[in-house]
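*Asks:* What follows is a structure written as C-alpha cells; I'll ask about it next.
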Amino acid sequence: MDIFLQQLVNGLVQGSIYALVALGYTMVYGIIELVNFAHGEVVMVGALVSLSVIQRLADRGLSGWGVIAAGILVSIPACMALGFAIERVAYRPLRRAPRLAPLISAIGVSIALQQLAALIWGRNFLHYPEVVARTPFHLGGAVITEVQLVILATAALLMAGLWFLVQRTRLGRAMRATAQNPAVAGLMGVDVDRIIATTFLIGSALAAVAGTLVGTYYNVGNHTMGFLLGMKAFTAAVLGGIGNLQGAMLGGLLLGVIENLGAGYLGNLTGGVIGSNYSDVLSFLMLVAVLVLRPSGLLGERSAEKV
Amino acid sequence: MKLGRRGWLLGAALLLALPLLTDLGLGRSWVRLLDFALLYTMLALGLNIVVGYAGLLDLGYVAFYAVGAYLYAILASPQFALHWPLWALLPVGALVAASVGALLGAPTLGLRGDYLAIVTMGFGEIIRIFMRNLTPLTGGPAGIDGIDALAVGSFSFADTHRLLGWSLPGLYSYYFLFLALTALIVLMSRRLEDSRIGRAWAAIREDEVAARSMGLNTRNLKLLAFSMGATFGGISGVLFAGFQGFVSPESFTMGESVMILCMVVLGGMGHIYGVILGALLLAILPEAFRPLAQLQQSALGQVWLDPANLRMLLFAIALVAVMVLRPEGLWPSPVRRRELHTPRGGEPGPGDDGDSDDEGADGELPAAAGGATP
C-alpha cells in the first residue's frame with residue numbers, strides 16, 4: 001500500500017509536467033490541426049536555458065526558489081521567441097500545402113533544434129545545481145518533497161490560468177472560434193494569423209516552465225531530453241482527446257500515474273523479466289491502445305473528418 | 001527520361017566500371033562508401049513507396065532496417081551457433097519486416113496521417129530499447145559480432161575472387177550484388193508506379209476522401225504501401241548485417257530515419273531518379289564533412305563544431321527549406337512539378353485536401369478583417 005501511495009504521488013507530479021507539455025500540443029492541434037513535433041524540443045530548450053541561468057546564479061547566496069524563478073523568467077521569453085519563429089518560418093508558409101508538407105517541416109525543425117542545442121550545450125548530460133533542499137514531508141505513508149509540491153502547485157496554477165484565459169477572455173473566445181472554423185472566425189473579424197501566433201506563444205511559455213520543472217525535478221538536462229518527453233506528452237494529449245484542453249490535463253495526470261505504477265509493479269508482476277527500464281515501452285503501448293480502442297480520446301468528441 | 005540505346009549501354013558500362021574507377025581514383029575506402037551508398041539507395045527507394053507514392057509519413061523507417069539486420073545477425077552468427085543461408089534469410093527478413101509493418105500500420109492507418117507519423121517515430125525508439133535491453137537475444141548495447149558474410153552457396157561475397165586473371169576484392173562483389181538488387185527495386189518501383197495499385201496510391205495521396213468515394217479501400221491500400229516499404233527496409237537490413245559483419249543499436253537511431261527521409265524529400269518525393277540522386281548525395285556527403293574536423297583542429301586547436309552535429313543540422317534545415325521553398329525536391333517528376341506550380345487561377349490544386357480549402361480562404365481574409373480587429 002505504501003508503494004502504491006508513493007507511486008501515486010510521484011505519478012501525479014510527473015503527470016502534471018506531462019500535462020503542461022500536452023497543453024502545447026493540444027492547443028496547436030486544436031487550431032491548425034498539426035502535430036507540432038518540435039514542441040518537445042521547445043521544452044528542451046527551455047530546460048537548458050534555465051539551466052544556464054541557474055548555474056550562473058547558484059553560488060551567489062540567493063534563495064533557491066528565487067534562482068529557479070529567475071531561470072523560468074529568462075527561459076519563458078526565449079521559448080516564446082522560438083515558438084513564434086518556428087510558426088513563422090516553418091509552418092505558416094505551408095498552411096495551404098498538402099498535409100505531408102507541414103509534418104515533414106515539423107520533424108525538420110525538431111531535429112534542427114536538437115542539433116543546435118548539442119552544438120551550444122554539448123552532448124553530455126548536464127547537472128542542475130541543487131539549489132533547493134529536498135525536505136521530505138510525510139503524507140500518510142508516502143513521502144513528498146518540497147520540489148514535488150512546488151511542481152504540483154505551479155502546474156495547477158498555470159492550468160487554472162489557461163482555463164480562465166481560454167474560457168473567459170476576449171482572446172480566448174477568438175481562439176475557440178478559430179479552432180472551430182478559421183474561415184468563419186476570420187469573417188467575424190478575428191485576425192486568424194495573430195491568434196495562431198498567440199497560440200504558439202502561450203504553448204511555448206508553458207513549455208519553458210515545464211522544461212525548468214523537469215530539470216529541477218530530475219537534476220539533469222540534455223539535448224535529447226525533449227524527444228521522449230514530447231512523445232509522452234503527445235500520448236497524454238491523445239489519451240485525453242487531442243484538441244481538448246481539459247483532456248490534455250486529465251491525460252497528462254493519468255499517464256503519469258499509470259507509468260509510475262507500472263514502473264513500481266512491472267518488475268514484481270513479471271518476476272523480474274520485464275523491469276522498470278521498459279516503462280517507456282508501456283507509454284508507447286498506451287498510445288497504440290488508445291488509437292485502436294478510442295482514437296477520439298477520453299474527453300474528445302467523435303468527429304468526422306471535415307471535408 | 002528518354003535515353004537512346006547508346007546512352008543506356010554507356011550508362012551500364014559506367015556503372016559496372018565505377019568501383020574500379022573509384023578504387024583507382026580515390027582509394028579502396030571509397031568503394032566501401034559506394035557499397036553503403038547503394039544500400040541507402042535501396043532504403044530510400046523503399047521509403048519512397050511509403051512517402052512518395054502513398055503520401056504516408058514514416059518517421060521510424062530505420063526500425064524495419066533494424067528488424068532485418070538483427071534477424072540476419074541472430075540467425076547467421078555464432079550468437080546461437082546458427083548459420084542460416086542468405087537465400088533463406090532474405091525472404092524471412094522480408095516477411096518479418098512486412099508483418100511488423102502491418103502490425104504497426106493496422107491500428108493507425110485508418111486514422112489521420114499524423115498518427116502514423118508519431119507512432120512510427122515512437123516505434124523507432126521502442127525497438128532500440130528492446131535492442132539494448134534484451135541482452136540474451138540481441139547482445140545488448142554491444143550488439144552482435146562475427147556475423148556470417150553474405151554468401152550464395154560456396155560463393156562468399158566477402159572473399160577476393162579471381163575472374164579472367166583479375167583479382168576481384170570482396171568490396172567489388174558486394175557492389176555488383178547491391179547494384180543488381182537496386183536495379184531490381186528500381187524496376188519494381190517503376191512497375192508499381194504505373195500499376196493499378198500505384199494509381200490508387202497516387203489518388204489517396206492527392207485526396208483521400210475523393211479516393212474513398214471512388215470505391216478504393218484506402219485503409220488496405222495504405223497498409224499495403226506501408227508493409228511494402230517495410231519489406232524493402234527489412235531486405236536492406238539483412239544485406240547490411242551481412243556486409244558490415246556486426247550490428248549494434250547505434251546503427252539504428254532516429255537520425256538515420258531522418259537521413260533516409262531527407263534523401264527522399266530532397267531528391268524529389270515519388271520520383272525514382274530524384275530519390276536515387278538524393279540517396280547518393282547524402283550518402284557521400286558525410287565524407288565531405290570529415291575534413292572539417294581536422295580543419296578546425298589545426299586552425300583553432302579544438303573541434304568547435306562537431307561534423308556529425310553539423311551534418312544532421314544541415315539535413316534538418318534542408319527538410320524545412322525544401323518544404324517551404326521547393327516542395328517537389330531537386331529532381332522531380334514532370335507531373336509533380338506541374339502539380340505544384342500551376343498558375344494561381346487553378347485553385348484548389350490537386351494537392352490541396354478538404355481542410356486547406358477553408359484555411360486557404362482565411363489566408364486572404366486578415367487583410368480585409370484587419371481593420372475590424374481591436
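To be explicit about the labels: the chains of the C-alpha cells are called A, B, and onward in the order shown, and within each one the residues are counted from 1, while ligands get numbers from 1 in the order they are shown.
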Got a sec to tell me which of stretch 66-272 of chain A DSSP assigns to strand (DSSP E or B), as a ChimeraX atom specification?
*Replies:* /A:126-127,136-139,142-145,220-221
*Asks:* Looking at only C-alpha atoms, which of A:Gln7, A:Val150, A:Met159, A:Gly221 is the one that sits closest to A:Met249?
*Replies:*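 Closest candidate: A:Met159.
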*Asks:* Rounded to one decimal, what separation in Å do you get between atom CA of A:Met231 and atom CA of A:Ser16?
*Replies:*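 About the pair atom CA of A:Met231 and atom CA of A:Ser16: they are 15.1 Å apart.
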*Asks:* Excluding A:Ala236 and its own-chain neighbours fewer than 4 positions away, which residues fall within 7 Å of it when counting only C-alpha atoms? Please give them as an mmCIF file with C-alpha atoms, in the first residue's frame.
*Replies:*
```cif
data_model
loop_
_atom_site.group_PDB
_atom_site.id
_atom_site.type_symbol
_atom_site.label_atom_id
_atom_site.label_comp_id
_atom_site.auth_asym_id
_atom_site.auth_seq_id
_atom_site.Cartn_x
_atom_site.Cartn_y
_atom_site.Cartn_z
ATOM 1 C CA ALA A 22 0.466 18.199 -23.595
ATOM 2 C CA LYS A 232 4.712 11.062 -23.809
ATOM 3 C CA GLY A 240 -7.394 12.900 -23.170
ATOM 4 C CA ALA A 248 -4.749 17.193 -22.058
ATOM 5 C CA GLY A 251 -4.476 12.674 -19.933
ATOM 6 C CA GLY A 252 -1.215 14.024 -18.542
ATOM 7 C CA LEU A 255 -0.368 8.877 -17.970
#
```
*Asks:* Please, what distance in Å, to one decimal, runs between atom CA of A:Leu152 and atom CA of A:Val13?
*Replies:*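 So the answer is 5.8 Å.
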*Asks:* For chain A, which residue out of B:Met131, B:Leu71, B:Leu104, B:Leu300 is the nearest one, using only C-alpha atoms?
*Replies:*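 With only C-alpha atoms as the atom set, the closest residue is B:Leu104.
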*Asks:* Write out as number ranges by chain all residues of stretch 181-310 of chain B that backbone DSSP assigns to helix (DSSP H, G or I).
*Replies:* B: 181-193, 196-206, 208-213, 218-244, 249-251, 254-267, 272-300, 307-310
*Asks:* Those residues with C-alpha atoms, as a CSV table (one decimal), in the first residue's frame please?
*Replies:*
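Once everything was written out, this is again_2.csv:
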```csv
chain,number,residue,atom,x,y,z
B,181,LEU,CA,19.3,-5.6,-56.2
B,182,THR,CA,19.0,-1.8,-56.5
B,183,ALA,CA,18.2,-2.3,-60.2
B,184,LEU,CA,15.6,-4.9,-59.3
B,185,ILE,CA,14.0,-2.4,-56.8
B,186,VAL,CA,14.1,0.4,-59.4
B,187,LEU,CA,12.3,-1.9,-61.8
B,188,MET,CA,9.7,-2.9,-59.2
B,189,SER,CA,9.1,0.7,-58.2
B,190,ARG,CA,8.6,1.7,-61.9
B,191,ARG,CA,6.2,-1.2,-62.5
B,192,LEU,CA,4.3,-0.3,-59.3
B,193,GLU,CA,4.1,3.3,-60.1
B,196,ARG,CA,-3.5,-0.1,-60.7
B,197,ILE,CA,-2.2,-0.1,-57.2
B,198,GLY,CA,0.3,2.7,-57.9
B,199,ARG,CA,-2.5,4.9,-59.4
B,200,ALA,CA,-4.7,4.1,-56.4
B,201,TRP,CA,-1.8,5.3,-54.1
B,202,ALA,CA,-1.5,8.5,-56.1
B,203,ALA,CA,-5.2,9.1,-55.7
B,204,ILE,CA,-5.1,8.5,-51.9
B,205,ARG,CA,-2.0,10.8,-51.7
B,206,GLU,CA,-3.8,13.7,-53.5
B,208,GLU,CA,-8.1,10.6,-49.6
B,209,VAL,CA,-11.8,11.4,-49.4
B,210,ALA,CA,-12.2,11.5,-53.1
B,211,ALA,CA,-10.3,8.3,-53.5
B,212,ARG,CA,-12.6,6.6,-51.0
B,213,SER,CA,-15.7,7.8,-52.7
B,218,THR,CA,-8.0,3.3,-48.7
B,219,ARG,CA,-7.1,1.5,-45.5
B,220,ASN,CA,-5.9,-1.7,-47.1
B,221,LEU,CA,-4.1,0.2,-49.9
B,222,LYS,CA,-2.2,2.3,-47.3
B,223,LEU,CA,-1.4,-0.8,-45.3
B,224,LEU,CA,0.0,-2.4,-48.5
B,225,ALA,CA,2.2,0.6,-49.2
B,226,PHE,CA,3.4,0.7,-45.6
B,227,SER,CA,4.2,-3.0,-45.5
B,228,MET,CA,5.8,-2.9,-48.9
B,229,GLY,CA,8.1,-0.1,-47.7
B,230,ALA,CA,8.9,-2.1,-44.6
B,231,THR,CA,9.7,-5.2,-46.7
B,232,PHE,CA,12.4,-3.3,-48.6
B,233,GLY,CA,13.7,-1.9,-45.3
B,234,GLY,CA,13.9,-5.5,-44.0
B,235,ILE,CA,15.8,-6.7,-47.1
B,236,SER,CA,18.3,-3.8,-46.9
B,237,GLY,CA,18.8,-4.7,-43.2
B,238,VAL,CA,19.6,-8.3,-44.0
B,239,LEU,CA,22.2,-7.1,-46.5
B,240,PHE,CA,23.6,-4.5,-44.2
B,241,ALA,CA,24.2,-7.0,-41.4
B,242,GLY,CA,26.0,-9.5,-43.7
B,243,PHE,CA,28.0,-6.7,-45.3
B,244,GLN,CA,29.1,-4.9,-42.1
B,249,PRO,CA,21.7,-0.4,-31.6
B,250,GLU,CA,23.8,2.7,-32.6
B,251,SER,CA,23.3,2.0,-36.3
B,254,MET,CA,16.3,8.4,-35.2
B,255,GLY,CA,19.0,10.3,-37.0
B,256,GLU,CA,19.2,7.5,-39.6
B,257,SER,CA,15.5,7.6,-40.2
B,258,VAL,CA,15.6,11.3,-40.7
B,259,MET,CA,18.5,11.0,-43.1
B,260,ILE,CA,16.7,8.5,-45.2
B,261,LEU,CA,13.6,10.7,-45.2
B,262,CYS,CA,15.8,13.6,-46.2
B,263,MET,CA,17.1,11.6,-49.2
B,264,VAL,CA,13.6,11.0,-50.4
B,265,VAL,CA,12.4,14.6,-49.8
B,266,LEU,CA,15.5,16.3,-51.1
B,267,GLY,CA,15.7,14.2,-54.2
B,272,ILE,CA,12.7,7.3,-58.6
B,273,TYR,CA,15.7,9.0,-60.2
B,274,GLY,CA,15.3,12.0,-57.9
B,275,VAL,CA,15.3,9.7,-54.9
B,276,ILE,CA,18.4,7.9,-56.2
B,277,LEU,CA,20.1,11.3,-56.6
B,278,GLY,CA,19.2,12.3,-53.1
B,279,ALA,CA,20.4,9.0,-51.6
B,280,LEU,CA,23.7,9.1,-53.4
B,281,LEU,CA,24.2,12.8,-52.5
B,282,LEU,CA,23.5,12.3,-48.8
B,283,ALA,CA,25.4,9.1,-48.5
B,284,ILE,CA,28.6,10.6,-49.9
B,285,LEU,CA,28.2,13.9,-48.1
B,286,PRO,CA,29.4,12.8,-44.7
B,287,GLU,CA,32.7,12.0,-46.3
B,288,ALA,CA,33.0,15.6,-47.4
B,289,PHE,CA,32.4,16.8,-43.9
B,290,ARG,CA,35.1,14.7,-42.4
B,291,PRO,CA,38.0,17.0,-43.2
B,292,LEU,CA,36.1,19.8,-41.4
B,293,ALA,CA,37.0,18.4,-38.0
B,294,GLN,CA,40.7,18.3,-38.9
B,295,LEU,CA,40.5,21.8,-40.4
B,296,GLN,CA,39.1,23.1,-37.1
B,297,GLN,CA,41.6,21.1,-35.1
B,298,SER,CA,44.5,22.6,-37.0
B,299,ALA,CA,43.1,26.1,-37.2
B,300,LEU,CA,41.5,26.5,-33.8
B,307,PRO,CA,30.8,17.5,-38.0
B,308,ALA,CA,28.2,14.9,-37.1
B,309,ASN,CA,26.1,17.5,-35.4
B,310,LEU,CA,26.6,19.9,-38.3
```
*Asks:* I'd like to know which of A:Val9, A:Gly215, A:Leu250, A:Ile202 is closest to A:Thr145, using only C-alpha atoms.
*Replies:*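 The shortest atom-to-atom distance to A:Thr145 comes from A:Val9.
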*Asks:* Atom CA of A:Leu23 and atom CA of B:Ala316 are how many Å apart?
*Replies:*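 Between atom CA of A:Leu23 and atom CA of B:Ala316 the gap is 25.5 Å.
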*Asks:* May I have the residues within 7 Å of stretch 319-326 of chain B as a list of chain:residue names, using only C-alpha atoms and disregarding those fewer than 2 positions away in the same chain?
*Replies:* A:Ala90, A:Pro93, A:Leu94, A:Ala101, A:Ile104, A:Ser105, A:Gly108, A:Val109, B:Cys262, B:Leu266, B:Phe315, B:Ala316, B:Ile317, B:Glu328, B:Gly329
*Asks:* Just the selected residues (N, CA and C atoms), exported as a PDB file, in the first residue's frame, please.
*Replies:*
```pdb
ATOM      1  N   ALA A  90       8.468  27.904 -40.394  1.00  0.00           N
ATOM      2  CA  ALA A  90       8.300  26.526 -40.857  1.00  0.00           C
ATOM      3  C   ALA A  90       6.851  26.116 -41.086  1.00  0.00           C
ATOM      4  N   PRO A  93       4.077  29.302 -43.944  1.00  0.00           N
ATOM      5  CA  PRO A  93       4.086  29.241 -45.409  1.00  0.00           C
ATOM      6  C   PRO A  93       3.425  27.969 -45.943  1.00  0.00           C
ATOM      7  N   LEU A  94       3.226  26.981 -45.078  1.00  0.00           N
ATOM      8  CA  LEU A  94       2.726  25.686 -45.543  1.00  0.00           C
ATOM      9  C   LEU A  94       1.268  25.458 -45.175  1.00  0.00           C
ATOM     10  N   ALA A 101       3.421  18.137 -46.099  1.00  0.00           N
ATOM     11  CA  ALA A 101       4.455  19.178 -46.059  1.00  0.00           C
ATOM     12  C   ALA A 101       4.709  19.733 -44.652  1.00  0.00           C
ATOM     13  N   ILE A 104       6.542  17.141 -42.426  1.00  0.00           N
ATOM     14  CA  ILE A 104       7.970  16.982 -42.725  1.00  0.00           C
ATOM     15  C   ILE A 104       8.743  18.190 -42.208  1.00  0.00           C
ATOM     16  N   SER A 105       8.155  19.364 -42.424  1.00  0.00           N
ATOM     17  CA  SER A 105       8.779  20.584 -41.935  1.00  0.00           C
ATOM     18  C   SER A 105       8.923  20.530 -40.408  1.00  0.00           C
ATOM     19  N   GLY A 108      11.708  18.357 -39.352  1.00  0.00           N
ATOM     20  CA  GLY A 108      12.958  19.066 -39.640  1.00  0.00           C
ATOM     21  C   GLY A 108      13.304  20.052 -38.537  1.00  0.00           C
ATOM     22  N   VAL A 109      12.321  20.836 -38.113  1.00  0.00           N
ATOM     23  CA  VAL A 109      12.557  21.813 -37.050  1.00  0.00           C
ATOM     24  C   VAL A 109      13.002  21.100 -35.778  1.00  0.00           C
TER      25      VAL A 109
ATOM     26  N   CYS B 262      15.224  12.415 -45.558  1.00  0.00           N
ATOM     27  CA  CYS B 262      15.809  13.572 -46.221  1.00  0.00           C
ATOM     28  C   CYS B 262      16.234  13.220 -47.650  1.00  0.00           C
ATOM     29  N   LEU B 266      14.540  15.454 -50.366  1.00  0.00           N
ATOM     30  CA  LEU B 266      15.462  16.345 -51.069  1.00  0.00           C
ATOM     31  C   LEU B 266      15.532  15.975 -52.551  1.00  0.00           C
ATOM     32  N   PHE B 315      20.859  18.599 -42.634  1.00  0.00           N
ATOM     33  CA  PHE B 315      19.772  17.754 -43.143  1.00  0.00           C
ATOM     34  C   PHE B 315      18.431  18.292 -42.678  1.00  0.00           C
ATOM     35  N   ALA B 316      18.368  18.609 -41.386  1.00  0.00           N
ATOM     36  CA  ALA B 316      17.107  19.062 -40.807  1.00  0.00           C
ATOM     37  C   ALA B 316      16.672  20.375 -41.435  1.00  0.00           C
ATOM     38  N   ILE B 317      17.626  21.289 -41.590  1.00  0.00           N
ATOM     39  CA  ILE B 317      17.274  22.570 -42.203  1.00  0.00           C
ATOM     40  C   ILE B 317      16.845  22.353 -43.653  1.00  0.00           C
ATOM     41  N   GLU B 328       8.858  20.122 -54.442  1.00  0.00           N
ATOM     42  CA  GLU B 328       8.986  18.994 -55.367  1.00  0.00           C
ATOM     43  C   GLU B 328      10.380  18.369 -55.327  1.00  0.00           C
ATOM     44  N   GLY B 329      11.331  18.981 -54.610  1.00  0.00           N
ATOM     45  CA  GLY B 329      12.662  18.398 -54.489  1.00  0.00           C
ATOM     46  C   GLY B 329      13.589  18.829 -55.616  1.00  0.00           C
TER      47      GLY B 329
END
```
